[in-house]
Structures are given as C-alpha cells and as structure tokens.
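> Handing over target-v5.pdb, PDB, C-alpha atoms and all ligand atoms.
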ATOM      1  CA  MET A   1       3.797  33.218  -7.253  1.00  0.00           C
ATOM      2  CA  LYS A   2       4.401  36.630  -5.746  1.00  0.00           C
ATOM      3  CA  LEU A   3       5.723  36.359  -2.193  1.00  0.00           C
ATOM      4  CA  PRO A   4       3.109  37.628   0.286  1.00  0.00           C
ATOM      5  CA  GLU A   5       3.939  40.441   2.705  1.00  0.00           C
ATOM      6  CA  LYS A   6       2.012  38.855   5.541  1.00  0.00           C
ATOM      7  CA  LEU A   7       0.957  35.377   6.462  1.00  0.00           C
ATOM      8  CA  GLN A   8      -1.054  34.127   9.368  1.00  0.00           C
ATOM      9  CA  ILE A   9       0.323  30.886  10.766  1.00  0.00           C
ATOM     10  CA  GLY A  10      -1.743  29.471  13.602  1.00  0.00           C
ATOM     11  CA  GLY A  11      -2.659  32.580  15.589  1.00  0.00           C
ATOM     12  CA  LEU A  12       0.544  34.440  14.696  1.00  0.00           C
ATOM     13  CA  ASP A  13       0.853  37.203  12.131  1.00  0.00           C
ATOM     14  CA  TYR A  14       4.069  36.671  10.259  1.00  0.00           C
ATOM     15  CA  ALA A  15       5.754  39.399   8.258  1.00  0.00           C
ATOM     16  CA  ILE A  16       7.486  38.196   5.093  1.00  0.00           C
ATOM     17  CA  GLU A  17      10.414  40.552   4.552  1.00  0.00           C
ATOM     18  CA  HIS A  18      12.046  40.663   1.211  1.00  0.00           C
ATOM     19  CA  GLY A  19      14.721  43.070   0.012  1.00  0.00           C
ATOM     20  CA  GLY A  20      15.787  46.274   1.802  1.00  0.00           C
ATOM     21  CA  VAL A  21      16.404  45.795   5.515  1.00  0.00           C
ATOM     22  CA  ALA A  22      15.918  42.019   5.201  1.00  0.00           C
ATOM     23  CA  ASP A  23      18.674  41.830   2.576  1.00  0.00           C
ATOM     24  CA  GLU A  24      21.062  43.801   4.773  1.00  0.00           C
ATOM     25  CA  SER A  25      20.365  41.633   7.777  1.00  0.00           C
ATOM     26  CA  LEU A  26      20.695  38.391   5.780  1.00  0.00           C
ATOM     27  CA  MET A  27      23.945  39.595   4.246  1.00  0.00           C
ATOM     28  CA  ARG A  28      25.315  40.327   7.721  1.00  0.00           C
ATOM     29  CA  ASP A  29      24.380  36.805   8.810  1.00  0.00           C
ATOM     30  CA  ILE A  30      25.780  35.366   5.562  1.00  0.00           C
ATOM     31  CA  THR A  31      22.588  33.510   4.757  1.00  0.00           C
ATOM     32  CA  VAL A  32      19.794  33.694   2.170  1.00  0.00           C
ATOM     33  CA  ALA A  33      16.717  33.242   4.337  1.00  0.00           C
ATOM     34  CA  MET A  34      15.721  33.232   7.959  1.00  0.00           C
ATOM     35  CA  HIS A  35      12.784  32.172  10.101  1.00  0.00           C
ATOM     36  CA  LYS A  36      12.805  34.359  13.210  1.00  0.00           C
ATOM     37  CA  SER A  37      10.334  32.630  15.496  1.00  0.00           C
ATOM     38  CA  THR A  38      10.592  35.177  18.305  1.00  0.00           C
ATOM     39  CA  ASP A  39       9.648  38.075  15.989  1.00  0.00           C
ATOM     40  CA  SER A  40       7.271  36.090  13.686  1.00  0.00           C
ATOM     41  CA  VAL A  41       9.336  37.138  10.690  1.00  0.00           C
ATOM     42  CA  ILE A  42      10.471  35.268   7.592  1.00  0.00           C
ATOM     43  CA  GLN A  43      13.198  36.970   5.596  1.00  0.00           C
ATOM     44  CA  ILE A  44      14.026  36.024   2.016  1.00  0.00           C
ATOM     45  CA  ALA A  45      16.991  37.500   0.143  1.00  0.00           C
ATOM     46  CA  SER A  46      15.895  39.364  -2.953  1.00  0.00           C
ATOM     47  CA  TRP A  47      19.145  38.643  -4.808  1.00  0.00           C
ATOM     48  CA  LEU A  48      18.219  34.985  -5.264  1.00  0.00           C
ATOM     49  CA  SER A  49      16.745  33.705  -8.512  1.00  0.00           C
ATOM     50  CA  GLU A  50      12.948  33.626  -8.648  1.00  0.00           C
ATOM     51  CA  GLN A  51      12.887  29.859  -8.256  1.00  0.00           C
ATOM     52  CA  THR A  52      15.313  29.817  -5.344  1.00  0.00           C
ATOM     53  CA  GLN A  53      13.285  32.508  -3.596  1.00  0.00           C
ATOM     54  CA  GLN A  54      10.195  30.330  -3.914  1.00  0.00           C
ATOM     55  CA  THR A  55      12.024  27.246  -2.662  1.00  0.00           C
ATOM     56  CA  VAL A  56      13.430  28.986   0.408  1.00  0.00           C
ATOM     57  CA  PHE A  57      10.076  30.663   1.029  1.00  0.00           C
ATOM     58  CA  TRP A  58       8.351  27.265   1.293  1.00  0.00           C
ATOM     59  CA  GLN A  59      11.191  25.863   3.382  1.00  0.00           C
ATOM     60  CA  ASN A  60      10.797  28.738   5.822  1.00  0.00           C
ATOM     61  CA  VAL A  61       7.020  28.327   5.817  1.00  0.00           C
ATOM     62  CA  ALA A  62       7.715  24.711   6.835  1.00  0.00           C
ATOM     63  CA  TYR A  63       9.937  25.960   9.700  1.00  0.00           C
ATOM     64  CA  ALA A  64       7.202  28.355  10.813  1.00  0.00           C
ATOM     65  CA  ILE A  65       4.467  25.684  10.682  1.00  0.00           C
ATOM     66  CA  ASN A  66       6.706  23.361  12.691  1.00  0.00           C
ATOM     67  CA  TYR A  67       7.297  26.097  15.263  1.00  0.00           C
ATOM     68  CA  VAL A  68       3.667  27.174  15.581  1.00  0.00           C
ATOM     69  CA  TYR A  69       1.782  23.900  15.110  1.00  0.00           C
ATOM     70  CA  LEU A  70       4.273  21.297  16.279  1.00  0.00           C
ATOM     71  CA  ASP A  71       6.348  22.898  18.999  1.00  0.00           C
ATOM     72  CA  SER A  72       9.396  22.394  16.734  1.00  0.00           C
ATOM     73  CA  VAL A  73       9.433  18.576  16.976  1.00  0.00           C
ATOM     74  CA  ILE A  74      10.481  18.047  13.343  1.00  0.00           C
ATOM     75  CA  ASP A  75      14.209  18.424  12.474  1.00  0.00           C
ATOM     76  CA  ASN A  76      15.285  21.318  10.275  1.00  0.00           C
ATOM     77  CA  ASP A  77      16.859  18.953   7.748  1.00  0.00           C
ATOM     78  CA  LEU A  78      13.573  17.140   7.300  1.00  0.00           C
ATOM     79  CA  LEU A  79      11.680  20.437   7.091  1.00  0.00           C
ATOM     80  CA  LYS A  80      13.981  21.644   4.357  1.00  0.00           C
ATOM     81  CA  SER A  81      13.090  18.627   2.233  1.00  0.00           C
ATOM     82  CA  LEU A  82       9.450  18.851   3.244  1.00  0.00           C
ATOM     83  CA  GLY A  83       9.300  22.504   2.171  1.00  0.00           C
ATOM     84  CA  GLN A  84      10.927  21.673  -1.133  1.00  0.00           C
ATOM     85  CA  GLY A  85       8.449  18.896  -1.853  1.00  0.00           C
ATOM     86  CA  ILE A  86       5.528  21.095  -0.848  1.00  0.00           C
ATOM     87  CA  TYR A  87       6.756  23.762  -3.249  1.00  0.00           C
ATOM     88  CA  GLN A  88       6.720  21.187  -6.025  1.00  0.00           C
ATOM     89  CA  ILE A  89       3.017  20.457  -5.328  1.00  0.00           C
ATOM     90  CA  VAL A  90       2.135  24.139  -4.907  1.00  0.00           C
ATOM     91  CA  GLU A  91       3.628  25.028  -8.288  1.00  0.00           C
ATOM     92  CA  GLN A  92       1.507  22.378  -9.998  1.00  0.00           C
ATOM     93  CA  VAL A  93      -1.733  23.433  -8.299  1.00  0.00           C
ATOM     94  CA  ILE A  94      -1.070  27.083  -9.204  1.00  0.00           C
ATOM     95  CA  ALA A  95      -0.401  26.116 -12.819  1.00  0.00           C
ATOM     96  CA  CYS A  96      -3.526  23.963 -12.963  1.00  0.00           C
ATOM     97  CA  PRO A  97      -6.026  24.004 -10.042  1.00  0.00           C
ATOM     98  CA  ARG A  98      -8.007  21.267 -11.788  1.00  0.00           C
ATOM     99  CA  LEU A  99      -5.207  18.823 -11.255  1.00  0.00           C
ATOM    100  CA  SER A 100      -5.803  15.113 -11.785  1.00  0.00           C
ATOM    101  CA  ARG A 101      -2.177  14.032 -11.357  1.00  0.00           C
ATOM    102  CA  VAL A 102       0.552  15.481  -9.196  1.00  0.00           C
ATOM    103  CA  GLN A 103       4.267  14.795  -9.463  1.00  0.00           C
ATOM    104  CA  ILE A 104       6.208  14.496  -6.215  1.00  0.00           C
ATOM    105  CA  GLY A 105       9.917  13.904  -6.646  1.00  0.00           C
ATOM    106  CA  GLY A 106       9.941  11.693  -9.710  1.00  0.00           C
ATOM    107  CA  VAL A 107       6.700   9.924  -8.864  1.00  0.00           C
ATOM    108  CA  VAL A 108       3.350  10.826 -10.428  1.00  0.00           C
ATOM    109  CA  TYR A 109       0.308  10.325  -8.215  1.00  0.00           C
ATOM    110  CA  SER A 110      -3.182  10.305  -9.651  1.00  0.00           C
ATOM    111  CA  ILE A 111      -5.807  12.232  -7.689  1.00  0.00           C
ATOM    112  CA  GLU A 112      -9.024  10.231  -7.641  1.00  0.00           C
ATOM    113  CA  LYS A 113     -12.440  10.443  -6.092  1.00  0.00           C
ATOM    114  CA  ASN A 114     -13.088   7.100  -4.555  1.00  0.00           C
ATOM    115  CA  ASP A 115     -15.923   6.625  -2.109  1.00  0.00           C
ATOM    116  CA  VAL A 116     -16.038   2.829  -2.094  1.00  0.00           C
ATOM    117  CA  GLU A 117     -12.496   2.112  -0.897  1.00  0.00           C
ATOM    118  CA  LEU A 118     -12.453   5.033   1.540  1.00  0.00           C
ATOM    119  CA  ALA A 119     -15.824   4.177   3.068  1.00  0.00           C
ATOM    120  CA  ALA A 120     -14.558   0.639   3.644  1.00  0.00           C
ATOM    121  CA  GLU A 121     -11.677   2.143   5.661  1.00  0.00           C
ATOM    122  CA  SER A 122     -13.839   4.876   7.274  1.00  0.00           C
ATOM    123  CA  ARG A 123     -11.555   7.574   5.905  1.00  0.00           C
ATOM    124  CA  LEU A 124     -12.037  10.842   4.031  1.00  0.00           C
ATOM    125  CA  GLY A 125      -8.822  10.456   2.111  1.00  0.00           C
ATOM    126  CA  SER A 126      -5.765   8.253   1.765  1.00  0.00           C
ATOM    127  CA  THR A 127      -2.670   7.646  -0.285  1.00  0.00           C
ATOM    128  CA  ASP A 128      -1.906   4.321  -1.840  1.00  0.00           C
ATOM    129  CA  HIS A 129       1.852   4.518  -2.393  1.00  0.00           C
ATOM    130  CA  SER A 130       2.031   1.143  -4.106  1.00  0.00           C
ATOM    131  CA  LYS A 131      -0.344   2.300  -6.847  1.00  0.00           C
ATOM    132  CA  CYS A 132       0.594   6.002  -6.656  1.00  0.00           C
ATOM    133  CA  ARG A 133      -2.942   7.156  -6.006  1.00  0.00           C
ATOM    134  CA  ILE A 134      -4.349   9.873  -3.762  1.00  0.00           C
ATOM    135  CA  LEU A 135      -7.966   9.024  -2.946  1.00  0.00           C
ATOM    136  CA  ILE A 136     -10.463  11.654  -1.843  1.00  0.00           C
ATOM    137  CA  MET A 137     -14.129  11.232  -0.881  1.00  0.00           C
ATOM    138  CA  SER A 138     -16.328  12.767  -3.569  1.00  0.00           C
ATOM    139  CA  TRP A 139     -18.906  14.443  -1.342  1.00  0.00           C
ATOM    140  CA  LEU A 140     -16.534  16.618   0.690  1.00  0.00           C
ATOM    141  CA  SER A 141     -16.902  20.401   0.657  1.00  0.00           C
ATOM    142  CA  PRO A 142     -14.140  22.272  -1.214  1.00  0.00           C
ATOM    143  CA  GLN A 143     -12.642  23.184   2.160  1.00  0.00           C
ATOM    144  CA  GLN A 144     -12.634  19.612   3.484  1.00  0.00           C
ATOM    145  CA  ARG A 145     -11.294  18.300   0.202  1.00  0.00           C
ATOM    146  CA  ASN A 146      -8.390  20.721   0.285  1.00  0.00           C
ATOM    147  CA  GLN A 147      -7.662  19.842   3.886  1.00  0.00           C
ATOM    148  CA  VAL A 148      -7.537  16.184   2.854  1.00  0.00           C
ATOM    149  CA  PHE A 149      -5.429  16.943  -0.224  1.00  0.00           C
ATOM    150  CA  TRP A 150      -2.743  18.883   1.680  1.00  0.00           C
ATOM    151  CA  HIS A 151      -2.718  16.216   4.394  1.00  0.00           C
ATOM    152  CA  GLU A 152      -2.176  13.468   1.818  1.00  0.00           C
ATOM    153  CA  GLY A 153       0.325  15.673  -0.031  1.00  0.00           C
ATOM    154  CA  THR A 154       2.320  15.980   3.198  1.00  0.00           C
ATOM    155  CA  HIS A 155       2.289  12.163   3.534  1.00  0.00           C
ATOM    156  CA  ASP A 156       3.494  11.801  -0.043  1.00  0.00           C
ATOM    157  CA  VAL A 157       6.313  14.324   0.315  1.00  0.00           C
ATOM    158  CA  ASP A 158       7.269  12.551   3.555  1.00  0.00           C
ATOM    159  CA  HIS A 159       7.226   9.196   1.746  1.00  0.00           C
ATOM    160  CA  ILE A 160       9.231  10.362  -1.281  1.00  0.00           C
ATOM    161  CA  TYR A 161      11.648  12.933   0.166  1.00  0.00           C
ATOM    162  CA  LEU A 162      11.956  12.004   3.845  1.00  0.00           C
ATOM    163  CA  GLY A 163      11.717   8.228   3.705  1.00  0.00           C
ATOM    164  CA  GLY A 164       8.521   8.220   5.782  1.00  0.00           C
ATOM    165  CA  LYS A 165      10.022   9.745   8.939  1.00  0.00           C
ATOM    166  CA  LEU A 166       6.939  11.660  10.094  1.00  0.00           C
ATOM    167  CA  LYS A 167       4.339  10.310  12.507  1.00  0.00           C
ATOM    168  CA  GLU A 168       0.653  10.508  11.647  1.00  0.00           C
ATOM    169  CA  SER A 169       0.122  13.197  14.287  1.00  0.00           C
ATOM    170  CA  GLU A 170       2.982  15.248  12.771  1.00  0.00           C
ATOM    171  CA  VAL A 171       1.578  14.937   9.266  1.00  0.00           C
ATOM    172  CA  ASP A 172      -1.813  15.901  10.623  1.00  0.00           C
ATOM    173  CA  SER A 173      -0.644  19.089  12.336  1.00  0.00           C
ATOM    174  CA  PHE A 174       1.692  20.034   9.511  1.00  0.00           C
ATOM    175  CA  GLY A 175      -1.071  19.484   6.947  1.00  0.00           C
ATOM    176  CA  GLN A 176      -3.415  21.768   8.915  1.00  0.00           C
ATOM    177  CA  GLY A 177      -0.792  24.501   8.998  1.00  0.00           C
ATOM    178  CA  LEU A 178      -0.055  24.054   5.327  1.00  0.00           C
ATOM    179  CA  TYR A 179      -3.729  24.287   4.469  1.00  0.00           C
ATOM    180  CA  GLN A 180      -3.989  27.532   6.450  1.00  0.00           C
ATOM    181  CA  VAL A 181      -1.097  28.964   4.396  1.00  0.00           C
ATOM    182  CA  VAL A 182      -2.167  27.827   0.917  1.00  0.00           C
ATOM    183  CA  ARG A 183      -5.697  29.034   1.570  1.00  0.00           C
ATOM    184  CA  GLN A 184      -4.469  32.552   2.312  1.00  0.00           C
ATOM    185  CA  LEU A 185      -2.480  32.480  -0.900  1.00  0.00           C
ATOM    186  CA  GLY A 186      -5.535  31.406  -2.904  1.00  0.00           C
ATOM    187  CA  ILE A 187      -3.974  28.074  -3.863  1.00  0.00           C
ATOM    188  CA  GLU A 188      -6.811  25.588  -4.137  1.00  0.00           C
ATOM    189  CA  LEU A 189      -7.337  22.209  -5.723  1.00  0.00           C
ATOM    190  CA  VAL A 190     -10.535  21.917  -7.758  1.00  0.00           C
ATOM    191  CA  LEU A 191     -11.903  18.525  -8.692  1.00  0.00           C
ATOM    192  CA  GLU A 192     -12.888  17.960 -12.325  1.00  0.00           C
ATOM    193  CA  ASP A 193     -16.643  18.312 -12.302  1.00  0.00           C
ATOM    194  CA  GLU A 194     -16.709  21.471 -10.203  1.00  0.00           C
ATOM    195  CA  GLY A 195     -16.771  25.139 -10.973  1.00  0.00           C
ATOM    196  CA  ALA A 196     -18.307  24.590 -14.413  1.00  0.00           C
ATOM    197  CA  ALA A 197     -20.711  27.464 -13.749  1.00  0.00           C
ATOM    198  CA  ALA A 198     -17.993  29.811 -12.545  1.00  0.00           C
TER
HETATM  199 ZN    ZN B 201      -2.747  10.706   7.412  1.00  0.00          ZN
END
Could you show the structure in this file as structure tokens?
Ligand SMILES: [Zn+2]

Amino acid sequence: MKLPEKLQIGGLDYAIEHGGVADESLMRDITVAMHKSTDSVIQIASWLSEQTQQTVFWQNVAYAINYVYLDSVIDNDLLKSLGQGIYQIVEQVIACPRLSRVQIGGVVYSIEKNDVELAAESRLGSTDHSKCRILIMSWLSPQQRNQVFWHEGTHDVDHIYLGGKLKESEVDSFGQGLYQVVRQLGIELVLEDEGAAA
C-alpha cells in the first residue's frame, strides 16, 4: 500500500509526511515516526524498509484515532500492538477483498454470514473467540458490514495481542475511527456472493 499524503481522522485533516523535511525532523529527534497531535501530522521515516514503514504508519494511525476519537484514553504500548494487529488484517484485505478467513497473530478466524445466531443475540456482528469465528449479518449494506468487520477486527486484535484490555466503548470508538481510515484508503471487505456483476 502506498502511504497516503492526507487522511481525515474524525474532523481533522492529517498530513502524512514522508521523506524530506519529515526525515530531517525525525533524525533530529532520533526516532522513526511521530504522531504530532497539535499539528495533525504523522511523520514516517523514508529510510525504513517498506514493511516497517507500513507497520509504523498503522501504529501512528492508531495513536491518531486514540487522540481524536478517544481523548487518548488508551496507552501507547497497547496502541502500538493494536496498530500492528490492524496492519496484519489490512494487508490481508488488500491482498484479497473477498476474504473468508483472516489471520490475527497466529490465529485464523473464519468470516461467516450468520443471521440465526446474531438475531438471537440482537446483534449485527460478533466474534466467537472459542471457535475463531467472526459472524456478520447477511443483509447489511456494504458500509454497515465493513463497520461491523472493523469493529470485530478490533476486538480480535485486542483479544490476541492485548489480552483483552479494551472496553467495549473503546473498541467501538476505535473501530469507527479505523473504518473512517480504511474507507478513505479504499480498503473494503467484500462478502463472497457480492460484486459478481462488477
Ligand atoms: Zn463489540
């Protein structure tokens, strides 16, 4: 994925700076990436490997979402892991938008439409960690389905990488912010029977 130059997070317009002035400033601070909340800037060092750039990009997106959507309630250490796990999901959706299984850490979750179990719980989506399943209502619009998917994905990354430290309200806000970001980047999950005509 090519790093974007701009990203809207909540109502803020973030600039993603990469190379040039950003490199000089990061070198001065002896670091490889920076989330500057007061300036709405994310800087990523261009001397990093492609994969490391992507990892730190998603970590800094996690910092920015936490700042904008959550008033910075989540610890930076947790966000670092959260960003890393999110990057793992993002890579798989980019490689194959019609994903039916997603690996998070070492665990493979199946992505299933399941109206019966969800209706019984009055939910649009859920994750069953014991059976490694992400369940999504079949009749949701593409937008709703993606909102549900990134919400459940945040739960799963929290479960696998963070030991389940996030509250439901934190997952909910983070998932909304994440959905706003992935949508701008054109990263979208498609369920199997859709888009056949496209
Ligand atoms: Zn939830």
> Listing only residues of chain A within 8 Å of ligand ZN 201 (chain B), what is the closest atom pair and its distance in Å (to one decimal) for each, using all atoms listed in the file, sorted by chain and residue number ascending, as CSV?

residue,atom,partner,partner_atom,distance
A:Ser126,CA,B:ZN201,ZN,6.9
A:His151,CA,B:ZN201,ZN,6.3
A:Glu152,CA,B:ZN201,ZN,6.3
A:His155,CA,B:ZN201,ZN,6.5
A:Glu168,CA,B:ZN201,ZN,5.4
A:Ser169,CA,B:ZN201,ZN,7.9
A:Val171,CA,B:ZN201,ZN,6.3
A:Asp172,CA,B:ZN201,ZN,6.2
> Which of these residues is nearest to Leu118 in chain A, using only C-alpha atoms: A:Ser100, A:Ser138, A:Gln88, A:Gln147?
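Ranked by minimum distance to Leu118 in chain A, first place goes to A:Ser138.
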> Identify, on the basis of only C-alpha atoms, every residue whose closest approach to range 59-71 of chain A does not exceed 8 Å; exclude the query and any residue fewer than 3 positions from it along the same chain; express the result as a tab-separated table (two decimals) with C-alpha atoms, in the frame of the given file.

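The result, written out as selection26.tsv:
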chain	number	residue	atom	x	y	z
A	9	ILE	CA	0.32	30.89	10.77
A	10	GLY	CA	-1.74	29.47	13.60
A	12	LEU	CA	0.54	34.44	14.70
A	33	ALA	CA	16.72	33.24	4.34
A	34	MET	CA	15.72	33.23	7.96
A	35	HIS	CA	12.78	32.17	10.10
A	37	SER	CA	10.33	32.63	15.50
A	42	ILE	CA	10.47	35.27	7.59
A	55	THR	CA	12.02	27.25	-2.66
A	56	VAL	CA	13.43	28.99	0.41
A	74	ILE	CA	10.48	18.05	13.34
A	76	ASN	CA	15.28	21.32	10.28
A	79	LEU	CA	11.68	20.44	7.09
A	80	LYS	CA	13.98	21.64	4.36
A	81	SER	CA	13.09	18.63	2.23
A	82	LEU	CA	9.45	18.85	3.24
A	83	GLY	CA	9.30	22.50	2.17
A	84	GLN	CA	10.93	21.67	-1.13
A	170	GLU	CA	2.98	15.25	12.77
A	173	SER	CA	-0.64	19.09	12.34
A	174	PHE	CA	1.69	20.03	9.51
A	177	GLY	CA	-0.79	24.50	9.00
A	178	LEU	CA	-0.06	24.05	5.33
> Identify, on the basis of only C-alpha atoms, every residue whose closest approach to Lys113 in chain A does not exceed 7 Å; exclude the query and any residue fewer than 4 positions from it along the same chain; express the result as a ChimeraX atom specification.
/A:135-138
> So how many Å separate CA of Val116 in chain A and CA of Leu140 in chain A, to one decimal?
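These two atoms are separated by 14.1 Å.
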> I need the residue nearest Glu50 in chain A from this list: A:Arg133, A:Thr154, A:Leu3, A:Arg101. Use all atoms listed in the file for the distance.
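Under the stated criterion, the closest residue is A:Leu3.
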> Just the residues within 12 Å of Trp47 in chain A, please, counting only C-alpha atoms, with nothing from its chain fewer than 6 positions along; format it as a PyMOL selection string.
chain A and resi 18-20+22-24+26-27+31-33+53
> Please measure the separation of CA of Gln143 in chain A and CA of Ala95 in chain A, giving the value in Å to one decimal.
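These atoms are spaced 19.6 Å apart.
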> List as a PyMOL selection string the protein and nucleic acid residues near Gln8 in chain A, meaning an atom at most 10 Å away when only C-alpha atoms are counted, but skip any in the same chain fewer than 3 places from it.
chain A and resi 11-15+40+177+180-181+184
> Could you state the separation of CA of Asp158 in chain A and CA of Glu112 in chain A in Å, given to one decimal place?
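Answer for the CA of Asp158 in chain A to CA of Glu112 in chain A separation: 19.9 Å.
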> Could you check the closest approach to Val108 in chain A for each of A:Asp75, A:Val90, A:Gly125, A:Asp156 and tell me which residue wins, using only C-alpha atoms?
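Closest to Val108 in chain A, using only C-alpha atoms: A:Asp156.
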> Go ahead and fit an axis-aligned box to every listed atom of range 170-186 of chain A plus 4 Å each side, and pass me the centre and edge lengths in Å, one decimal, as JSON.

{"center_x": -1.4, "center_y": 23.7, "center_z": 4.9, "size_x": 16.7, "size_y": 25.6, "size_z": 23.7}
> Write out as a VMD selection string the residues lying within 8 Å of Gly85 in chain A, counting all atoms listed in the file and excluding same-chain residues fewer than 5 positions away.
chain A and resid 104 to 105 157 161
> Between A:Ser46, A:Gln176, A:Gln51, A:Ser25, which has the minimum distance to Asn146 in chain A (counting all atoms listed in the file)?
A:Gln176
> Since the input has fewer atoms than a full residue there, write range 3-19 of chain A out with N, CA and C atoms, as a PDB file, in the frame of the given file.

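This is the output file out_11.pdb:
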ATOM      1  N   LEU A   3       5.612  36.615  -3.628  1.00  0.00           N
ATOM      2  CA  LEU A   3       5.723  36.359  -2.193  1.00  0.00           C
ATOM      3  C   LEU A   3       4.763  37.293  -1.447  1.00  0.00           C
ATOM      4  N   PRO A   4       4.022  36.763  -0.468  1.00  0.00           N
ATOM      5  CA  PRO A   4       3.109  37.628   0.286  1.00  0.00           C
ATOM      6  C   PRO A   4       3.899  38.523   1.239  1.00  0.00           C
ATOM      7  N   GLU A   5       3.276  39.578   1.720  1.00  0.00           N
ATOM      8  CA  GLU A   5       3.939  40.441   2.705  1.00  0.00           C
ATOM      9  C   GLU A   5       3.620  39.990   4.121  1.00  0.00           C
ATOM     10  N   LYS A   6       2.455  39.332   4.228  1.00  0.00           N
ATOM     11  CA  LYS A   6       2.012  38.855   5.541  1.00  0.00           C
ATOM     12  C   LYS A   6       1.453  37.461   5.393  1.00  0.00           C
ATOM     13  N   LEU A   7       1.483  36.725   6.485  1.00  0.00           N
ATOM     14  CA  LEU A   7       0.957  35.377   6.462  1.00  0.00           C
ATOM     15  C   LEU A   7       0.557  35.037   7.882  1.00  0.00           C
ATOM     16  N   GLN A   8      -0.660  34.571   8.041  1.00  0.00           N
ATOM     17  CA  GLN A   8      -1.054  34.127   9.368  1.00  0.00           C
ATOM     18  C   GLN A   8      -0.735  32.642   9.498  1.00  0.00           C
ATOM     19  N   ILE A   9      -0.014  32.290  10.530  1.00  0.00           N
ATOM     20  CA  ILE A   9       0.323  30.886  10.766  1.00  0.00           C
ATOM     21  C   ILE A   9      -0.112  30.566  12.189  1.00  0.00           C
ATOM     22  N   GLY A  10      -1.086  29.665  12.310  1.00  0.00           N
ATOM     23  CA  GLY A  10      -1.743  29.471  13.602  1.00  0.00           C
ATOM     24  C   GLY A  10      -2.357  30.803  13.969  1.00  0.00           C
ATOM     25  N   GLY A  11      -2.124  31.280  15.181  1.00  0.00           N
ATOM     26  CA  GLY A  11      -2.659  32.580  15.589  1.00  0.00           C
ATOM     27  C   GLY A  11      -1.660  33.707  15.412  1.00  0.00           C
ATOM     28  N   LEU A  12      -0.509  33.412  14.813  1.00  0.00           N
ATOM     29  CA  LEU A  12       0.544  34.440  14.696  1.00  0.00           C
ATOM     30  C   LEU A  12       0.506  35.137  13.341  1.00  0.00           C
ATOM     31  N   ASP A  13       0.742  36.427  13.366  1.00  0.00           N
ATOM     32  CA  ASP A  13       0.853  37.203  12.131  1.00  0.00           C
ATOM     33  C   ASP A  13       2.316  37.327  11.759  1.00  0.00           C
ATOM     34  N   TYR A  14       2.688  36.613  10.729  1.00  0.00           N
ATOM     35  CA  TYR A  14       4.069  36.671  10.259  1.00  0.00           C
ATOM     36  C   TYR A  14       4.232  37.789   9.246  1.00  0.00           C
ATOM     37  N   ALA A  15       5.373  38.462   9.313  1.00  0.00           N
ATOM     38  CA  ALA A  15       5.754  39.399   8.258  1.00  0.00           C
ATOM     39  C   ALA A  15       6.746  38.676   7.351  1.00  0.00           C
ATOM     40  N   ILE A  16       6.531  38.775   6.049  1.00  0.00           N
ATOM     41  CA  ILE A  16       7.486  38.196   5.093  1.00  0.00           C
ATOM     42  C   ILE A  16       8.304  39.362   4.551  1.00  0.00           C
ATOM     43  N   GLU A  17       9.563  39.424   4.956  1.00  0.00           N
ATOM     44  CA  GLU A  17      10.414  40.552   4.552  1.00  0.00           C
ATOM     45  C   GLU A  17      11.317  40.123   3.410  1.00  0.00           C
ATOM     46  N   HIS A  18      11.457  41.023   2.482  1.00  0.00           N
ATOM     47  CA  HIS A  18      12.046  40.663   1.211  1.00  0.00           C
ATOM     48  C   HIS A  18      12.718  41.905   0.656  1.00  0.00           C
ATOM     49  N   GLY A  19      14.027  41.870   0.487  1.00  0.00           N
ATOM     50  CA  GLY A  19      14.721  43.070   0.012  1.00  0.00           C
ATOM     51  C   GLY A  19      14.957  44.059   1.139  1.00  0.00           C
TER      52      GLY A  19
END
